[in-house]
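Below: the structure, in structure tokens.
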There are 2 protein chains.
Amino acid sequence: SSQPGTLPEEAVAFLRTCAVELGWDTARYRQRRTEVLAEIARTGTYAHTLPELEIGAKLAWRNHTRCIGQLYWRTLVVRDRREVHTVDGVLDELERHQEAVYQDGAIRPTITVFAPEGPTTPGPQIVNAQLVRYAGYRQPDGGVRGDPANTGLTEELVAAGWQPRSGQFDRLPVLVRGSDGEGWRELDPTSCPDVPLSHPDHDWLADFGLRWYAYPTVSDMRMEIGGVSYPAAPFTGWYVGAEIGARNFGDVERYNMLPAVAKSLGLDTSEDRTLWKDRALIELNAAVLSSYAAAGVHLVDHHTMTDQFHRYTQARRRSGEVVHAEWSWIVPPITASATPVYRESYDPSVLRPNFFRG
Amino acid sequence: SSQPGTLPEEAVAFLRTCAVELGWDTARYRQRRTEVLAEIARTGTYAHTLPELEIGAKLAWRNHTRCIGQLYWRTLVVRDRREVHTVDGVLDELERHQEAVYQDGAIRPTITVFAPEGPTTPGPQIVNAQLVRYAGYRQPDGGVRGDPANTGLTEELVAAGWQPRSGQFDRLPVLVRGSDGEGWRELDPTSCPDVPLSHPDHDWLADFGLRWYAYPTVSDMRMEIGGVSYPAAPFTGWYVGAEIGARNFGDVERYNMLPAVAKSLGLDTSEDRTLWKDRALIELNAAVLSSYAAAGVHLVDHHTMTDQFHRYTQARRRSGEVVHAEWSWIVPPITASATPVYRESYDPSVLRPNFFRG
Ligand code: HEM
Ligand code: HEM
């Protein structure tokens with residue numbers, strides 16, 4: 001990521017963007033600039049107004065090069081919880097976040113913004129990469145039960161006193177560092193339920209007992225707006241099916257289901273040339289798409305998503321705007337060349353506001 | 001691509017590489033450097049020795065960031081035809097090239113190097129992007145019969161006197177610009193035969209009448225070694241199945257076979273969510289793999305190829321070497337996330353020697 005400037009530089013650059021995006025006239029821009037610079041000089045930081053926070057969060061989304069959902073940026077619901085910085089305060093608001101997101105399978109793109117980093121305070125922090133994570137238990141034989149991506153978090157939570165279970169899909173509590181220390185809580189699953197996986201044509205698939213949660217809420221990224229960092233700013237969108245069907249269940253380092261699915265499909269797995277991995281992946285993805293539809297949970301397939309993104313980039317280009325995106329994150333993990341984004345290229349430079357890790 | 005230096009700079013940089021790769025001692029390196037610099041001062045260019053040409057072509061291959069086959073670089077057969085620059089001379093040697101490559105379905109990685117660009121002569125040039133190209137005929141309704149990638153070349157050849165036919169897979173003659181003008185010839189297909197496509201489980205696939213040539217010979221790239229350009233240096237490897245099954249037959253801008261294949265498979269094409277494109281692509285790729293196997297023509301599947309490449313990159317890294325590659329060209333167009341290259345990253349910088357277009 002590009003290097004940020006000093007706080008006054010970043011603040012003023014952001015206010016210029018606000019002037020354009022929010023339609024400020026010159027007088028208003030100058031007045032706000034004077035105010036902010038004075039506040040920085042006096043306190044070492046400054047507070048965004050609510051409209052600034054809202055547009056800042058929306059632009060952070062639009063600017064994020066790894067998000068194919070950026071085209072929906074205008075629809076983001078911004079929950080301003082900057083007054084919250086204690087462990088329990090954050091955990092309570094995470095429950096509220098999930099309730100605000102989810103309405104009977106519909107998912108509203110939402111971000112909850114907690115207290116910013118200040119000149120002397122770090123701001124609260126959520127340790128979990130996403131609000132829902134399934135435990136990964138290291139086994140004596142070197143394997144993992146559950147999600148291998150989460151073994152570290154699982155061990156951290158066990159060290160913090162959480163009682164491990166033994167399932168493939170045990171939800172981990174959320175671990176928070178706040179102004180009053182560290183603590184964890186199991187969030188109520190009602191407003192982000194699991195969707196059990198079945199296949200429209202292959203009954204045996206349900207017997208694997210696979211399931212995945214309704215939508216992702218990424219919780220370990222720092223949002224940066226106008227030089228101010230919000231270390232806890234969890235955000236939610238809906239899933240692209242292939243994230244679950246191809247990556248979470250297909251990756252060798254994750255649930256690694258291709259060999260078992262191929263076997264149940266009766267495929268010859270003795271040679272790569274039989275394309276058993278390719279076929280097993282498609283059926284896993286078909287299972288994800290039909291299971292979410294059956295459960296009434298919104299989720300988009302990789303064809304529809306890339307199509308929407310492609311139309312968005314074309315529209316922006318027509319109006320002389322640049323789309324910032326990383327090709328390798330935009331192109332789906334399966335059937336890439338049959339999607340309209342495959343033959344495109346994008347400007348990968350990282351603008352601010354944006355989301356960062358670390 | 002990175003900018004080249006002056007001819008003496010590029011020449012000396014290449015001779016340093018030769019010293020390392022060919023095991024020259026310091027005396028030998030210095031002597032050759034003196035010789036080459038004197039030759040450049042006297043004539044405006046210099047001639048590579050045969051060992052220099054051979055290692056230069058191999059390094060051009062190894063350095064090419066878009067070639068997943070680069071791991072085989074040591075095996076390249078270099079045919080030194082630098083004395084050839086006339087139209088007929090080049091066309092004769094292209095026939096010999098195909099004969100040298102192909103032995104009963106086995107394919108030997110081969111490059112034929114024609115006269116270099118000199119201070120006053122451009123060197124011969126092959127207009128066709130590959131030695132085998134199927135004609136693309138623009139139709140009155142705006143569609144194309146044959147390969148839409150080749151409509152421009154087809155029109156150029158018709159203007160030069162070639163008699164068009166009306167098939168889906170009509171081989172175009174090769175158009176050459178030499179020291180004695182321009183000319184074209186239909187190459188003998190015997191040493192690069194077509195492979196007819198059928199499917200192991202779906203008999204109807206053969207009825208589409210699809211076919212593809214045994215191996216690709218890229219003929220429109222300039223090879224640059226030590227500051228010297230070889231504008232005609234056609235090279236051959238074997239196919240990765242997905243180049244044919246996913247791109248040539250699957251791409252909407254190419255033979256665009258997914259809708260027809262999906263229909264014959266009985267898939268519901270009313271919605272993207274049924275994954276009909278994904279399934280049709282897999283069956284096209286299965287047809288390619290089994291048809292080339294049945295014809296005894298060497299071709300590698302995308303799993304085996306990415307696996308080999310991944311082992312090569314690991315071995316090079318272990319010995320402190322850098323692999324230069326463009327991720328987006330290394331990752332296959334289908335089932336990308338199930339291959340070991342998907343989670344890797346590579347250094348995309350372009351070293352010399354290398355192949356360039358234009
Ligand atoms: C509304 C529906 C949304 C869709 C369909 C969507 C889609 C995606 C996808 C497919 C990825 C790649 C994930 C991966 O491969 O690991 C991604 C990443 C990302 N998205 Fe979105 N997204 C949506 C909403 C949002 C929202 C609301 C935000 C923030 C306001 C956001 C910000 C990001 C960021 C920062 C990443 C990178 C995550 C990382 O590095 O782990 N997205 N998105
Ligand atoms: C031996 C087997 C080989 C395999 C399996 C292989 C594989 C590939 C593949 C899959 C591509 C991408 C093609 C595309 O998507 O359009 C490619 C491109 C390329 N390969 Fe190889 N290759 C082989 C031999 C060679 C040889 C012998 C050379 C040169 C000495 C070479 C140089 C290149 C170059 C320059 C490109 C870029 C072509 C372009 O830009 O159109 N390859 N190769």
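Identifiers for the structure tokens are assigned positionally: chains receive A, B, ... in sequence, residues are indexed from 1 per chain, and ligands are indexed from 1 in the order shown.
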
For Ile40 in chain A, list every protein, DNA or RNA residue within 12 Å, evaluated using only C-alpha atoms, and leave out those in the same chain fewer than 3 positions away; present the list as a ChimeraX atom specification. /A:6-12,33-37,43-48,118-119,226-228

So which bits of range 230-298 of chain A end up helix (DSSP H, G or I) when you DSSP the backbone, as a ChimeraX atom specification? /A:241-248,258-264,272-274,276-295

Ligand 2 neighbours within 6 Å using only C-alpha atoms and all ligand atoms, as a tab-separated table (two decimals) with C-alpha atoms, in the first residue's frame:
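The result, written out as pocket_38.tsv:
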```tsv
chain	number	residue	atom	x	y	z
B	61	TRP	CA	12.47	-18.76	-22.78
B	64	HIS	CA	9.52	-15.17	-20.30
B	66	ARG	CA	4.00	-15.51	-19.45
B	67	CYS	CA	5.26	-19.01	-20.14
B	68	ILE	CA	4.45	-21.71	-17.62
B	69	GLY	CA	6.59	-24.09	-19.74
B	109	PRO	CA	10.62	-27.84	-27.87
B	110	THR	CA	12.30	-26.09	-30.79
B	111	ILE	CA	13.16	-22.62	-32.04
B	235	PHE	CA	9.22	-21.44	-31.32
B	236	THR	CA	7.22	-24.52	-30.45
B	237	GLY	CA	6.10	-26.28	-27.29
B	238	TRP	CA	3.23	-28.60	-26.52
B	239	TYR	CA	-0.22	-27.46	-25.52
B	240	VAL	CA	-1.75	-27.14	-22.09
B	355	PHE	CA	10.65	-12.48	-26.43
```

Ala60 in chain B environment, 8 Å, only C-alpha atoms, sequence neighbours closer than 5 positions dropped, as a PyMOL selection string: chain B and resi 223-225+352-355

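One finds CA of Ala232 in chain B at 9.3 Å from CA of Glu117 in chain B.
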
Determine, for each residue of chain B having at least one atom at most 12 Å from an atom of ligand 1, the closest pair of atoms and their separation in Å to one decimal, counting only C-alpha atoms and all ligand atoms; order by chain and ascending number, as CSV.
```
residue,atom,partner,partner_atom_place_in_ligand_line,distance
B:Ser337,CA,ligand 1,15 (O),10.6
B:Tyr342,CA,ligand 1,15 (O),11.7
B:Arg343,CA,ligand 1,15 (O),11.2
```

Taking C-alpha atoms for each residue, export the selection above as a PDB file, in the first residue's frame.
```pdb
ATOM      1  CA  SER B 337      -7.903 -22.295  -6.950  1.00  0.00           C
ATOM      2  CA  TYR B 342      -3.046 -20.030  -7.130  1.00  0.00           C
ATOM      3  CA  ARG B 343      -1.709 -19.129  -3.702  1.00  0.00           C
TER       4      ARG B 343
END
```
